[in-house]
Structure formats: structure tokens, C-alpha cells
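One file, model-v1.txt, carrying compact mmCIF, C-alpha atoms:
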```txt
# COMPACT_ATOMS: atom_id res chain seq x y z
CA MET A 1 -30.51 -12.22 -8.21
CA THR A 2 -27.33 -12.00 -6.13
CA ASN A 3 -25.66 -9.07 -4.36
CA GLU A 4 -23.31 -8.70 -7.34
CA ASP A 5 -26.32 -7.96 -9.56
CA TYR A 6 -27.46 -5.01 -7.44
CA SER A 7 -26.56 -1.42 -8.20
CA PHE A 8 -23.92 0.28 -6.06
CA GLN A 9 -26.65 2.22 -4.28
CA THR A 10 -28.37 -1.00 -3.20
CA ARG A 11 -25.13 -2.81 -2.29
CA LEU A 12 -24.40 -0.11 0.29
CA LEU A 13 -27.25 -1.65 2.27
CA HIS A 14 -27.51 -5.20 0.98
CA ASN A 15 -24.04 -6.74 1.22
CA SER A 16 -22.40 -9.65 3.04
CA HIS A 17 -23.02 -7.93 6.39
CA LYS A 18 -26.66 -7.02 5.84
CA ILE A 19 -27.72 -8.95 8.95
CA ASP A 20 -25.96 -10.59 11.86
CA PRO A 21 -26.24 -14.37 11.28
CA ALA A 22 -26.34 -15.11 15.02
CA THR A 23 -29.23 -12.79 15.93
CA GLY A 24 -30.70 -11.38 12.73
CA ALA A 25 -29.75 -7.86 13.82
CA VAL A 26 -29.68 -5.35 10.95
CA SER A 27 -26.72 -3.54 12.49
CA VAL A 28 -23.25 -5.08 12.76
CA PRO A 29 -22.54 -5.92 16.42
CA ILE A 30 -19.69 -4.05 18.12
CA GLN A 31 -17.29 -6.66 19.52
CA HIS A 32 -15.10 -5.02 22.15
CA ALA A 33 -13.11 -8.13 23.09
CA SER A 34 -9.35 -7.79 22.77
CA THR A 35 -8.72 -11.53 23.13
CA TYR A 36 -10.61 -14.77 22.50
CA HIS A 37 -10.72 -18.12 24.31
CA GLN A 38 -9.14 -20.99 22.36
CA ALA A 39 -10.62 -24.45 22.88
CA ASP A 40 -7.69 -26.39 21.46
CA ILE A 41 -3.97 -26.15 22.18
CA ASP A 42 -3.02 -27.16 18.64
CA GLN A 43 -5.60 -25.37 16.53
CA PHE A 44 -6.80 -21.84 17.28
CA GLY A 45 -10.08 -20.37 16.12
CA LYS A 46 -10.53 -17.63 13.53
CA TYR A 47 -10.09 -14.91 16.14
CA ASP A 48 -7.34 -14.89 18.73
CA TYR A 49 -6.30 -11.26 19.31
CA SER A 50 -8.09 -8.19 18.00
CA ARG A 51 -5.03 -6.53 16.52
CA SER A 52 -4.89 -9.46 14.12
CA LEU A 53 -8.62 -9.76 13.49
CA ASN A 54 -11.80 -8.40 15.08
CA PRO A 55 -15.35 -9.23 13.90
CA THR A 56 -16.51 -5.60 13.75
CA ARG A 57 -13.43 -4.36 11.92
CA GLU A 58 -13.62 -7.40 9.65
CA ALA A 59 -17.18 -6.46 8.65
CA LEU A 60 -16.02 -3.03 7.51
CA GLU A 61 -13.06 -4.55 5.69
CA ASP A 62 -15.35 -6.99 3.89
CA VAL A 63 -17.83 -4.29 2.90
CA ILE A 64 -15.25 -1.86 1.48
CA ALA A 65 -13.64 -4.71 -0.47
CA GLU A 66 -17.03 -5.55 -1.99
CA LEU A 67 -17.72 -1.92 -2.89
CA GLU A 68 -14.29 -1.38 -4.48
CA GLY A 69 -14.28 -4.76 -6.22
CA GLY A 70 -11.14 -6.00 -4.49
CA ALA A 71 -9.92 -9.22 -2.93
CA LYS A 72 -9.43 -7.90 0.61
CA GLY A 73 -10.00 -4.75 2.61
CA PHE A 74 -8.05 -3.35 5.55
CA ALA A 75 -9.14 -0.80 8.15
CA PHE A 76 -6.61 1.49 9.79
CA ALA A 77 -6.53 4.11 12.53
CA SER A 78 -6.41 6.96 9.98
CA GLY A 79 -6.00 7.65 6.30
CA MET A 80 -2.31 8.31 6.87
CA ALA A 81 -1.98 4.98 8.72
CA ALA A 82 -3.40 3.24 5.64
CA ILE A 83 -1.09 5.16 3.28
CA SER A 84 1.98 4.67 5.48
CA THR A 85 1.37 0.94 5.84
CA ALA A 86 0.97 0.59 2.07
CA PHE A 87 4.31 2.36 1.61
CA LEU A 88 5.87 -0.27 3.88
CA LEU A 89 5.46 -2.68 0.97
CA LEU A 90 8.55 -0.91 -0.41
CA SER A 91 12.15 -1.50 0.64
CA ALA A 92 15.34 0.52 0.88
CA GLY A 93 16.59 1.38 -2.61
CA ASP A 94 13.11 1.44 -4.16
CA HIS A 95 11.74 4.47 -6.00
CA VAL A 96 8.23 5.99 -6.09
CA VAL A 97 6.69 8.21 -8.77
CA ILE A 98 4.08 10.40 -7.10
CA THR A 99 1.46 13.03 -7.91
CA GLU A 100 3.03 16.47 -7.37
CA ASP A 101 0.15 18.28 -5.62
CA VAL A 102 -0.49 15.43 -3.24
CA TYR A 103 -2.08 15.80 0.22
CA GLY A 104 0.31 17.46 2.66
CA GLY A 105 0.41 14.48 5.01
CA THR A 106 1.43 12.19 2.16
CA PHE A 107 4.05 14.73 1.07
CA ARG A 108 5.46 14.73 4.61
CA MET A 109 5.51 10.93 4.76
CA VAL A 110 7.33 10.64 1.43
CA THR A 111 9.84 13.45 1.93
CA GLU A 112 10.64 13.10 5.63
CA VAL A 113 10.04 9.44 6.50
CA LEU A 114 10.54 7.31 3.38
CA THR A 115 13.76 9.15 2.59
CA ARG A 116 15.16 8.10 6.00
CA LEU A 117 14.34 4.51 5.05
CA GLY A 118 16.28 4.80 1.79
CA ILE A 119 13.20 4.97 -0.44
CA GLU A 120 13.52 7.52 -3.24
CA HIS A 121 10.78 9.55 -4.89
CA THR A 122 10.03 11.81 -7.85
CA PHE A 123 7.10 14.23 -7.90
CA VAL A 124 5.53 14.68 -11.33
CA ASP A 125 2.51 16.26 -12.93
CA MET A 126 0.62 13.02 -13.46
CA THR A 127 -1.69 14.63 -15.97
CA ASN A 128 1.36 14.58 -18.29
CA LEU A 129 1.99 10.93 -19.14
CA GLU A 130 5.26 11.73 -20.88
CA GLU A 131 6.52 13.33 -17.67
CA VAL A 132 5.46 10.21 -15.79
CA ARG A 133 7.34 7.98 -18.24
CA GLN A 134 10.48 10.10 -17.98
CA ALA A 135 10.41 9.79 -14.18
CA VAL A 136 10.63 5.98 -14.30
CA ARG A 137 13.91 4.48 -13.09
CA PRO A 138 15.15 0.88 -12.98
CA ASN A 139 14.29 0.81 -9.26
CA THR A 140 10.77 2.28 -9.61
CA LYS A 141 8.46 0.01 -7.61
CA ALA A 142 5.33 2.11 -7.14
CA PHE A 143 3.26 4.86 -8.75
CA TYR A 144 1.25 6.88 -6.24
CA VAL A 145 -1.80 8.55 -7.78
CA GLU A 146 -4.14 11.01 -6.13
CA THR A 147 -7.03 11.80 -8.44
CA PRO A 148 -8.62 14.26 -8.35
CA SER A 149 -5.59 15.72 -6.62
CA ASN A 150 -5.64 17.78 -3.45
CA PRO A 151 -6.12 20.74 -3.64
CA LEU A 152 -5.93 21.58 -7.38
CA LEU A 153 -8.30 18.82 -8.55
CA LYS A 154 -6.03 17.57 -11.32
CA VAL A 155 -7.25 14.32 -12.86
CA THR A 156 -4.88 11.46 -13.65
CA ASP A 157 -5.53 8.76 -16.23
CA ILE A 158 -5.58 5.78 -13.85
CA ARG A 159 -5.76 3.22 -16.63
CA ALA A 160 -2.74 4.65 -18.47
CA VAL A 161 -0.60 4.97 -15.34
CA SER A 162 -1.55 1.44 -14.26
CA GLU A 163 -0.53 0.06 -17.65
CA LEU A 164 2.80 1.88 -17.40
CA ALA A 165 3.30 0.50 -13.89
CA LYS A 166 2.65 -3.06 -15.05
CA ALA A 167 5.14 -2.66 -17.89
CA THR A 168 7.64 -1.40 -15.33
CA GLY A 169 6.94 -4.18 -12.82
CA ALA A 170 5.65 -1.65 -10.29
CA LEU A 171 2.51 -1.30 -8.18
CA THR A 172 -0.12 1.41 -8.59
CA PHE A 173 -1.56 3.03 -5.44
CA VAL A 174 -4.59 5.30 -5.88
CA ASP A 175 -5.96 7.63 -3.21
CA ASN A 176 -9.72 7.54 -3.86
CA THR A 177 -10.77 9.74 -0.94
CA PHE A 178 -12.36 12.52 -3.01
CA LEU A 179 -14.62 10.32 -5.13
CA THR A 180 -15.09 7.05 -3.18
CA PRO A 181 -16.22 3.85 -4.94
CA ALA A 182 -19.56 5.55 -5.50
CA LEU A 183 -17.96 7.59 -8.30
CA GLN A 184 -14.62 5.95 -9.12
CA ARG A 185 -13.30 2.39 -8.82
CA PRO A 186 -9.55 2.40 -9.47
CA LEU A 187 -9.10 -1.37 -9.18
CA GLU A 188 -11.36 -1.81 -12.21
CA LEU A 189 -9.06 0.60 -14.10
CA GLY A 190 -5.93 -1.41 -13.33
CA ALA A 191 -4.73 -0.11 -9.94
CA ASP A 192 -3.35 -2.56 -7.36
CA ILE A 193 -4.24 -0.77 -4.12
CA VAL A 194 -6.92 1.82 -3.45
CA LEU A 195 -6.61 4.01 -0.35
CA HIS A 196 -9.09 6.16 1.57
CA SER A 197 -9.23 8.60 4.37
CA ALA A 198 -12.54 7.14 5.55
CA THR A 199 -12.75 10.15 7.86
CA LYS A 200 -14.11 11.99 4.84
CA PHE A 201 -17.00 10.99 2.56
CA LEU A 202 -17.18 7.32 3.56
CA ALA A 203 -17.99 8.07 7.21
CA GLY A 204 -19.30 11.49 6.30
CA HIS A 205 -20.20 13.11 9.62
CA SER A 206 -16.99 14.63 11.06
CA ASP A 207 -17.14 12.23 13.99
CA VAL A 208 -14.54 9.57 13.21
CA VAL A 209 -10.92 9.29 12.06
CA ALA A 210 -10.29 6.20 9.93
CA GLY A 211 -8.38 4.85 6.94
CA LEU A 212 -9.11 2.04 4.50
CA ALA A 213 -7.17 0.11 1.89
CA VAL A 214 -8.42 -2.39 -0.66
CA VAL A 215 -6.12 -4.74 -2.56
CA LYS A 216 -6.82 -6.27 -5.95
CA ASP A 217 -5.35 -9.78 -5.55
CA GLU A 218 -4.85 -12.30 -2.76
CA ALA A 219 -1.04 -12.43 -2.92
CA LEU A 220 -0.71 -8.68 -2.41
CA ALA A 221 -3.45 -8.83 0.23
CA ALA A 222 -1.39 -11.33 2.21
CA ARG A 223 1.59 -8.96 2.13
CA LEU A 224 -0.45 -5.95 3.25
CA GLY A 225 -2.22 -8.06 5.88
CA PHE A 226 1.14 -9.06 7.33
CA LEU A 227 2.11 -5.38 7.55
CA GLN A 228 -1.20 -4.39 9.12
CA ASN A 229 -0.71 -6.97 11.85
CA SER A 230 2.97 -6.12 12.30
CA PHE A 231 2.61 -2.34 12.27
CA GLY A 232 -0.61 -2.49 14.26
CA ALA A 233 -2.24 0.83 13.32
CA ILE A 234 -5.70 -0.76 13.26
CA LEU A 235 -9.09 0.89 13.45
CA GLY A 236 -10.95 0.61 16.76
CA VAL A 237 -14.29 -1.16 16.81
CA GLN A 238 -16.43 1.88 17.69
CA ASP A 239 -14.92 3.80 14.79
CA ALA A 240 -15.34 0.81 12.46
CA TRP A 241 -19.04 0.74 13.34
CA LEU A 242 -19.38 4.48 12.69
CA VAL A 243 -17.85 4.07 9.23
CA LEU A 244 -20.20 1.16 8.50
CA ARG A 245 -23.14 3.32 9.50
CA GLY A 246 -21.90 6.23 7.38
CA LEU A 247 -21.50 4.01 4.33
CA LYS A 248 -25.23 3.28 4.29
CA THR A 249 -26.01 6.87 3.28
CA LEU A 250 -22.96 7.45 1.05
CA HIS A 251 -24.90 7.44 -2.22
CA VAL A 252 -27.55 9.98 -1.23
CA ARG A 253 -25.03 12.22 0.56
CA LEU A 254 -22.55 12.31 -2.28
CA LEU A 255 -25.25 12.72 -4.93
CA GLN A 256 -26.71 15.76 -3.18
CA SER A 257 -23.30 17.28 -2.39
CA GLN A 258 -22.09 16.78 -5.97
CA GLN A 259 -25.19 18.43 -7.45
CA SER A 260 -24.64 21.40 -5.16
CA ALA A 261 -20.92 21.54 -5.97
CA VAL A 262 -21.65 21.80 -9.69
CA LYS A 263 -24.00 24.73 -9.09
CA ILE A 264 -21.56 26.50 -6.74
CA ALA A 265 -18.62 25.92 -9.09
CA HIS A 266 -20.47 27.65 -11.93
CA PHE A 267 -21.36 30.54 -9.63
CA LEU A 268 -17.75 30.99 -8.55
CA ASP A 269 -16.48 30.57 -12.11
CA ALA A 270 -18.58 33.53 -13.22
CA HIS A 271 -17.77 35.75 -10.23
CA PRO A 272 -15.51 38.74 -10.95
CA LEU A 273 -13.63 38.40 -7.64
CA VAL A 274 -12.61 34.78 -8.33
CA ARG A 275 -9.46 34.32 -10.40
CA ASN A 276 -9.62 30.55 -10.89
CA VAL A 277 -11.93 27.66 -10.08
CA TYR A 278 -10.50 24.14 -9.98
CA TYR A 279 -13.24 21.56 -10.46
CA PRO A 280 -13.41 18.71 -13.02
CA GLY A 281 -17.15 19.26 -13.38
CA LEU A 282 -16.52 22.49 -15.29
CA GLY A 283 -16.28 22.13 -19.05
CA HIS A 284 -13.06 24.16 -19.27
CA HIS A 285 -11.22 21.95 -16.76
CA PRO A 286 -8.24 20.44 -18.65
CA GLN A 287 -9.22 16.87 -17.73
CA HIS A 288 -13.01 17.28 -17.87
CA ALA A 289 -13.38 14.62 -20.58
CA LEU A 290 -11.07 12.18 -18.80
CA GLN A 291 -13.03 12.58 -15.58
CA LYS A 292 -16.24 11.70 -17.42
CA LEU A 293 -14.52 8.68 -18.98
CA GLU A 294 -13.05 7.12 -15.83
CA ALA A 295 -15.46 8.31 -13.12
CA GLN A 296 -19.20 8.59 -12.63
CA GLY A 297 -19.05 12.23 -11.56
CA PRO A 298 -16.78 15.13 -10.60
CA GLY A 299 -17.33 14.84 -6.85
CA ALA A 300 -18.17 17.43 -4.22
CA VAL A 301 -14.80 19.12 -3.62
CA LEU A 302 -13.58 22.18 -5.49
CA SER A 303 -10.96 24.87 -4.99
CA PHE A 304 -11.04 28.53 -5.93
CA GLU A 305 -8.49 31.29 -5.95
CA LEU A 306 -9.13 34.90 -5.00
CA GLU A 307 -7.14 37.95 -6.07
CA ASP A 308 -4.76 37.91 -3.12
CA GLU A 309 -4.41 36.90 0.53
CA GLU A 310 -6.08 40.09 1.74
CA ALA A 311 -9.19 39.32 -0.29
CA LEU A 312 -9.13 35.76 1.05
CA ARG A 313 -8.96 37.00 4.64
CA ALA A 314 -11.90 39.33 4.10
CA PHE A 315 -13.96 36.56 2.51
CA VAL A 316 -13.20 33.99 5.23
CA SER A 317 -13.95 36.45 8.02
CA HIS A 318 -17.41 37.21 6.63
CA VAL A 319 -18.64 33.86 5.29
CA LYS A 320 -21.11 32.30 7.74
CA ILE A 321 -22.38 28.86 6.67
CA PRO A 322 -19.31 26.68 5.98
CA VAL A 323 -17.17 25.47 8.84
CA PHE A 324 -13.68 26.92 8.43
CA ALA A 325 -11.67 23.84 9.28
CA VAL A 326 -9.37 21.03 8.30
CA SER A 327 -10.92 18.00 6.54
CA LEU A 328 -13.68 17.47 3.97
CA GLY A 329 -16.43 15.09 2.95
CA ALA A 330 -18.91 15.82 5.73
CA VAL A 331 -22.62 16.62 5.90
CA GLU A 332 -21.68 20.24 6.65
CA SER A 333 -19.76 22.27 4.10
CA ILE A 334 -16.12 22.76 5.06
CA LEU A 335 -13.99 25.64 3.83
CA SER A 336 -10.25 25.03 4.15
CA TYR A 337 -7.11 27.07 3.59
CA PRO A 338 -4.59 24.62 2.06
CA ALA A 339 -1.53 26.83 2.64
CA LYS A 340 -2.01 26.65 6.40
CA MET A 341 -4.13 23.52 6.78
CA SER A 342 -3.92 20.46 4.52
CA HIS A 343 -0.59 21.53 2.97
CA ALA A 344 1.08 23.25 5.91
CA ALA A 345 3.69 20.45 5.88
CA MET A 346 4.71 21.48 2.37
CA PRO A 347 7.35 24.26 2.29
CA PRO A 348 6.13 27.57 0.77
CA GLU A 349 8.42 27.26 -2.25
CA ASP A 350 7.05 23.78 -3.00
CA ARG A 351 3.48 25.03 -2.68
CA ARG A 352 4.14 27.93 -5.03
CA LYS A 353 5.82 25.62 -7.54
CA ARG A 354 2.69 23.47 -7.58
CA GLY A 355 0.30 26.40 -7.93
CA ILE A 356 -0.99 26.24 -4.34
CA SER A 357 -1.13 29.97 -3.69
CA ASP A 358 -1.80 31.88 -0.49
CA SER A 359 -5.14 33.01 -1.95
CA LEU A 360 -6.46 29.50 -2.63
CA LEU A 361 -9.43 28.07 -0.73
CA ARG A 362 -10.78 24.52 -0.87
CA LEU A 363 -14.49 23.89 -0.44
CA SER A 364 -16.06 20.56 0.42
CA VAL A 365 -19.75 20.97 -0.29
CA GLY A 366 -22.13 19.47 2.26
CA LEU A 367 -25.88 19.00 2.41
CA GLU A 368 -27.01 22.59 2.84
CA ASN A 369 -29.23 24.17 0.22
CA PRO A 370 -26.78 25.38 -2.45
CA ASP A 371 -28.72 28.62 -2.89
CA ASP A 372 -28.09 29.43 0.78
CA LEU A 373 -24.38 28.81 0.29
CA ILE A 374 -24.29 30.98 -2.83
CA ALA A 375 -26.11 33.81 -1.04
CA ASP A 376 -23.69 33.51 1.85
CA PHE A 377 -20.70 33.64 -0.49
CA GLU A 378 -22.17 36.65 -2.29
CA GLN A 379 -22.52 38.62 0.93
CA ALA A 380 -18.96 37.66 1.95
CA PHE A 381 -17.68 38.81 -1.44
CA SER A 382 -19.36 42.17 -0.89
CA TYR A 383 -16.69 42.92 1.72
CA THR A 384 -13.95 42.61 -0.85
CA LYS A 385 -13.05 44.05 -4.19
CA ALA A 386 -10.20 43.02 -6.45
CA GLY A 387 -7.04 43.16 -4.38
CA THR A 388 -8.51 45.16 -1.48
CA THR A 389 -10.90 44.90 1.41
CA VAL A 390 -14.04 47.01 1.51
CA LYS A 391 -13.86 49.16 4.65
```

Output the file's structure as C-alpha cells, nothing else.
Amino acid sequence: MTNEDYSFQTRLLHNSHKIDPATGAVSVPIQHASTYHQADIDQFGKYDYSRSLNPTREALEDVIAELEGGAKGFAFASGMAAISTAFLLLSAGDHVVITEDVYGGTFRMVTEVLTRLGIEHTFVDMTNLEEVRQAVRPNTKAFYVETPSNPLLKVTDIRAVSELAKATGALTFVDNTFLTPALQRPLELGADIVLHSATKFLAGHSDVVAGLAVVKDEALAARLGFLQNSFGAILGVQDAWLVLRGLKTLHVRLLQSQQSAVKIAHFLDAHPLVRNVYYPGLGHHPQHALQKLEAQGPGAVLSFELEDEEALRAFVSHVKIPVFAVSLGAVESILSYPAKMSHAAMPPEDRRKRGISDSLLRLSVGLENPDDLIADFEQAFSYTKAGTTVK
């Protein structure tokens, strides 16, 4: 029986970096060296300078490639560093078709940086394949998919978009931050590059900022590897080790958080003070069936909309358990306000057009007892009533 025969849960622990071959250590060594002695003037060793390759970072890159089923992995200083470097595969005059309610940092990169480089873009509702097809131009070179999307949890048909991209001669990028390879493996569905903010579920403890990319084939890996070395936004070795450690518990963390998210989503969906709940685990979600087809679960992130901003303010000021903060995917539940946090870079008119209202909250469910979270939410709701605050 080889590693490939193991379940995903087992491969998190038993992979190509299970033990250190030099010492037998069951933890990947942290190699701080920035440079390496070369014994020969004509032929250098595998490592020469840590921006180009470092043993600790390489271990993380190998492991994420194994878990995503790709040819090569790359570790970056942040999720946005991974996304930005992938976008550098494009050239002036190219065009990108992109998910409309994409993460605010990606929106900023596309609208304020790529445009200066002469790279065009079209935002579309990627749940509508006809709209995606109509957005294609002769110079379309990439489709950027975020599924489930942030913060409205729309689900895109990765396989269908990837097939369209191949017919167009374009690449498919998929941000897999919300689900991770534990629940969704875009490369197996036809994508070319999968991207992660490893800050979130992969590391899982709100103590590291990191980004990862995995490429399907060697030729594309060589191109992205060249950009990683040239651009230089690499992940430091301490952070690489923290992500490796976090990965070992990914399965149990995400399983528990997802089970709790399902329970909380149903509670919110039935609550009279909640206008809308956005979560693909609910049967009435428009892409519920698609999510079950292409992923192994709905994940642990959901969004919900209250009556108005006043009700939201009352709720946030009285809820006690979740951290009210930027980010997601941690052991503690995190409540976020997209309008002023993750999507602050998106102008108000663009947010409204996408359905990201000023009364929308995003919840990343952690490892607390879900009944405690529900009780906490119930007491916070008691301070509000539809459209007003209880005095």
C-alpha cells in the first residue's frame, strides 16, 4: 500500500515529508539558512539561495501539491502574493473573466493593478454559464473562479468553466481557500492552478499569514516557478513550518467546523430577524446540488443578512463568543463585516450591485460547541427587533 492509496485524512500525516530522512524526526526541520556552500565551481547543488529554494518551504510545497493532486506547489508570503504572482502569467493586452463577488483584495488587484499593466477584465456571475460564455473575447487568457465565493457563497461549476477555458485556449485559476483540498480538488475538475490563502483553514490558528498555489502540469509549473523566483514574495521558513503543522489537523478541524456550520445555518435560516442566509449546505441554496456534485461538503463559512445596518450594529455589539475580526478559517469562530473588512476595497456601488449589503455579516465557524454559539446569537438577537434596536 502506497501513500496514494491512503485516504485524504491519512495523507495529511503520512506523505512524502512524514519523517526527516537525515534524522528520523517526525517534524520537518526548520532550515534558516539564506545561502548554501557550493563545492564545485561548475555545478551547484540543489540549494543555492533560499529565495529560489529552501528545504522547509519545499516540504510545504511538496505536501500541498500531493494533497491537491498537482505537479508542483508554491508557497508565498500571503494569499494575495500567490494570487498576484499567478496573474503575472498574463501579459499586456490579455483579458480575464472573473467571479463578480470576489474577495476584496483580488478585486483591488484586478481593478487597480492589472489595469495599469494593460490587462483587461470582465466581472460576471459565474453561476450563469451563458453569462460566462458571453464575456469571452479573442484575447481572453484566464478565467478566475472563487467558489464558494466571498462573501455570498455562490458556487461555480468548475468543470464547466474549465472546459470552456480549454476551448478558448485560456487558463483556469480557482481560489480554493474556503473548502481546501479536504473538501474540493479543482485540479481534478479541470482547473490549471489552485490558489489558497493558507492563513485560513490550512494553517487554521490565526497565527500565520501565507499563500499557496498548486499547478496541474510541469510546463505551467516552470512558468510559475520562474515568476516566484523573480517576484520573490516567498513564504518564510517559520511560517512554512506553522502551515505544515496546521495541515496535520485540517481534517478534524474542518469536519467539526462544518458540522457546526450546518447546525448554525439552519438556526439562522429559521430566525425571524434574519432576512437571508447564504450557505451551500442549505437545501434552498441555488447551487446546493452542484456543491454536492463537485465538493465533499459545504464548508464552514456562511453569511447572513439582517434587516438593516442598525440591527447589525446591535447584534455585533452584544454577541460575545465570536471574534469580530478580519479573516476566517481558524479554531475560533470569526464574525466579519464584509462592507468594512474583506470588501472595503470595493466601492459601495459595486458592493450593492453584487448584493453585498451594509447589513451582511460573514461567519467562519470554529471549534466551539455550536449550541453555545447559537445561545450567544439568540441573546444578541434579543437586543434587536426588525429594523430597530431594543432599548

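Among the candidates A:Ala167, A:Val365, A:Val174, A:Val252, the one nearest to A:Pro148 when counting all atoms listed in the file is A:Val174.
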
Near-A:Ala265 list (10 Å; all atoms listed in the file; drop same-chain fewer than 3 positions) as a list in words:
Ser260, Ala261, Val262, Leu268, Asp269, Ala270, His271, Val277, Tyr278, Tyr279, Pro280, Gly281, Leu282, Ala300, Val301, Leu302, Ser303, Phe304, Leu363 and Ile374 of chain A

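These residues, each with an atom at most 9 Å from (-8.8, -1.0, 1.1) using only C-alpha atoms, are Glu61, Ile64, Ala65, Glu68, Gly70, Lys72, Gly73, Phe74, Ala75, Ala82, Ile193, Val194, Leu195, His196, Gly211, Leu212, Ala213, Val214 and Val215 of chain A.
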
Go ahead and write the selection's residues with C-alpha atoms as a short mmCIF file (atom, residue, chain, number, x, y, z; two decimals), in the frame of the given file.
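Contents of the output file result.cif:
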```
data_model
loop_
_atom_site.label_atom_id
_atom_site.label_comp_id
_atom_site.auth_asym_id
_atom_site.auth_seq_id
_atom_site.Cartn_x
_atom_site.Cartn_y
_atom_site.Cartn_z
CA GLU A 61 -13.06 -4.55 5.69
CA ILE A 64 -15.25 -1.86 1.48
CA ALA A 65 -13.64 -4.71 -0.47
CA GLU A 68 -14.29 -1.38 -4.48
CA GLY A 70 -11.14 -6.00 -4.49
CA LYS A 72 -9.43 -7.90 0.61
CA GLY A 73 -10.00 -4.75 2.61
CA PHE A 74 -8.05 -3.35 5.55
CA ALA A 75 -9.14 -0.80 8.15
CA ALA A 82 -3.40 3.24 5.64
CA ILE A 193 -4.24 -0.77 -4.12
CA VAL A 194 -6.92 1.82 -3.45
CA LEU A 195 -6.61 4.01 -0.35
CA HIS A 196 -9.09 6.16 1.57
CA GLY A 211 -8.38 4.85 6.94
CA LEU A 212 -9.11 2.04 4.50
CA ALA A 213 -7.17 0.11 1.89
CA VAL A 214 -8.42 -2.39 -0.66
CA VAL A 215 -6.12 -4.74 -2.56
#
```

Using only C-alpha atoms: which of A:Leu306, A:Ala203, A:Val124, A:Leu129 has the shortest distance to A:Phe381
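Once distances to A:Phe381 are computed over only C-alpha atoms, the minimum belongs to A:Leu306.
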
Which residue of A:Leu164, A:Val323, A:Leu361, A:Leu255 approaches A:Thr180 most closely, using all atoms listed in the file:
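Using all atoms listed in the file, A:Thr180 sits closest to A:Leu255.
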
Can you work out which one of A:Ser382, A:Asn128, A:Gln238, A:Ser327 has the shortest atom-to-atom distance to A:Thr56, counting only C-alpha atoms?
A:Gln238

Find the spatial neighbours of stretch 152-163 of chain A, counting only C-alpha atoms, within a cut-off of 8 Å - ignore same-chain residues fewer than 2 positions away - and output them as a count of residues only.
31

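Computed from the coordinates, the atom CA of A:Thr115 to atom CA of A:Pro347 distance equals 16.4 Å.
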
Using all atoms listed in the file, find each residue in stretch 121-196 of chain A having at least one atom no more than 10 Å away from stretch 329-333 of chain A; report its shortest atom-to-atom pair and that distance in Å (one decimal), rows by chain then rising number, as a Markdown table.
```
| residue | atom | partner | partner_atom | distance |
| --- | --- | --- | --- | --- |
| A:Thr177 | CA | A:Gly329 | CA | 8.7 |
| A:Phe178 | CA | A:Gly329 | CA | 7.7 |
| A:Leu179 | CA | A:Gly329 | CA | 9.6 |
```

Atom completion result for stretch 219-237 of chain A (N, CA and C atoms) as a PDB file, in the coordinates of the input:
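Listed below is the output, out.pdb:
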```pdb
ATOM      1  N   ALA A 219      -2.461 -12.410  -3.279  1.00  0.00           N
ATOM      2  CA  ALA A 219      -1.040 -12.430  -2.920  1.00  0.00           C
ATOM      3  C   ALA A 219      -0.624 -11.094  -2.306  1.00  0.00           C
ATOM      4  N   LEU A 220      -1.033 -10.003  -2.945  1.00  0.00           N
ATOM      5  CA  LEU A 220      -0.710  -8.680  -2.410  1.00  0.00           C
ATOM      6  C   LEU A 220      -1.467  -8.436  -1.105  1.00  0.00           C
ATOM      7  N   ALA A 221      -2.680  -8.962  -1.007  1.00  0.00           N
ATOM      8  CA  ALA A 221      -3.450  -8.830   0.230  1.00  0.00           C
ATOM      9  C   ALA A 221      -2.733  -9.493   1.400  1.00  0.00           C
ATOM     10  N   ALA A 222      -2.121 -10.640   1.149  1.00  0.00           N
ATOM     11  CA  ALA A 222      -1.390 -11.330   2.210  1.00  0.00           C
ATOM     12  C   ALA A 222      -0.208 -10.482   2.687  1.00  0.00           C
ATOM     13  N   ARG A 223       0.458  -9.820   1.759  1.00  0.00           N
ATOM     14  CA  ARG A 223       1.590  -8.960   2.130  1.00  0.00           C
ATOM     15  C   ARG A 223       1.123  -7.759   2.954  1.00  0.00           C
ATOM     16  N   LEU A 224       0.042  -7.110   2.513  1.00  0.00           N
ATOM     17  CA  LEU A 224      -0.450  -5.950   3.250  1.00  0.00           C
ATOM     18  C   LEU A 224      -1.042  -6.379   4.596  1.00  0.00           C
ATOM     19  N   GLY A 225      -1.687  -7.547   4.628  1.00  0.00           N
ATOM     20  CA  GLY A 225      -2.220  -8.060   5.880  1.00  0.00           C
ATOM     21  C   GLY A 225      -1.134  -8.322   6.912  1.00  0.00           C
ATOM     22  N   PHE A 226      -0.004  -8.835   6.455  1.00  0.00           N
ATOM     23  CA  PHE A 226       1.140  -9.060   7.330  1.00  0.00           C
ATOM     24  C   PHE A 226       1.621  -7.733   7.926  1.00  0.00           C
ATOM     25  N   LEU A 227       1.671  -6.688   7.085  1.00  0.00           N
ATOM     26  CA  LEU A 227       2.110  -5.380   7.550  1.00  0.00           C
ATOM     27  C   LEU A 227       1.103  -4.758   8.505  1.00  0.00           C
ATOM     28  N   GLN A 228      -0.184  -4.926   8.219  1.00  0.00           N
ATOM     29  CA  GLN A 228      -1.200  -4.390   9.120  1.00  0.00           C
ATOM     30  C   GLN A 228      -1.058  -4.991  10.514  1.00  0.00           C
ATOM     31  N   ASN A 229      -0.866  -6.293  10.576  1.00  0.00           N
ATOM     32  CA  ASN A 229      -0.710  -6.970  11.850  1.00  0.00           C
ATOM     33  C   ASN A 229       0.606  -6.598  12.536  1.00  0.00           C
ATOM     34  N   SER A 230       1.656  -6.438  11.737  1.00  0.00           N
ATOM     35  CA  SER A 230       2.970  -6.120  12.300  1.00  0.00           C
ATOM     36  C   SER A 230       3.045  -4.683  12.778  1.00  0.00           C
ATOM     37  N   PHE A 231       2.538  -3.761  11.946  1.00  0.00           N
ATOM     38  CA  PHE A 231       2.610  -2.340  12.270  1.00  0.00           C
ATOM     39  C   PHE A 231       1.557  -1.968  13.318  1.00  0.00           C
ATOM     40  N   GLY A 232       0.389  -2.574  13.211  1.00  0.00           N
ATOM     41  CA  GLY A 232      -0.610  -2.490  14.260  1.00  0.00           C
ATOM     42  C   GLY A 232      -1.460  -1.239  14.322  1.00  0.00           C
ATOM     43  N   ALA A 233      -1.446  -0.409  13.288  1.00  0.00           N
ATOM     44  CA  ALA A 233      -2.240   0.830  13.320  1.00  0.00           C
ATOM     45  C   ALA A 233      -3.669   0.557  12.876  1.00  0.00           C
ATOM     46  N   ILE A 234      -4.357  -0.292  13.635  1.00  0.00           N
ATOM     47  CA  ILE A 234      -5.700  -0.760  13.260  1.00  0.00           C
ATOM     48  C   ILE A 234      -6.780   0.206  13.706  1.00  0.00           C
ATOM     49  N   LEU A 235      -7.945   0.081  13.088  1.00  0.00           N
ATOM     50  CA  LEU A 235      -9.090   0.890  13.450  1.00  0.00           C
ATOM     51  C   LEU A 235      -9.825   0.261  14.635  1.00  0.00           C
ATOM     52  N   GLY A 236     -10.183   1.092  15.623  1.00  0.00           N
ATOM     53  CA  GLY A 236     -10.950   0.610  16.760  1.00  0.00           C
ATOM     54  C   GLY A 236     -12.373   0.238  16.364  1.00  0.00           C
ATOM     55  N   VAL A 237     -12.988  -0.597  17.188  1.00  0.00           N
ATOM     56  CA  VAL A 237     -14.290  -1.160  16.810  1.00  0.00           C
ATOM     57  C   VAL A 237     -15.403  -0.117  16.789  1.00  0.00           C
TER      58      VAL A 237
END
```
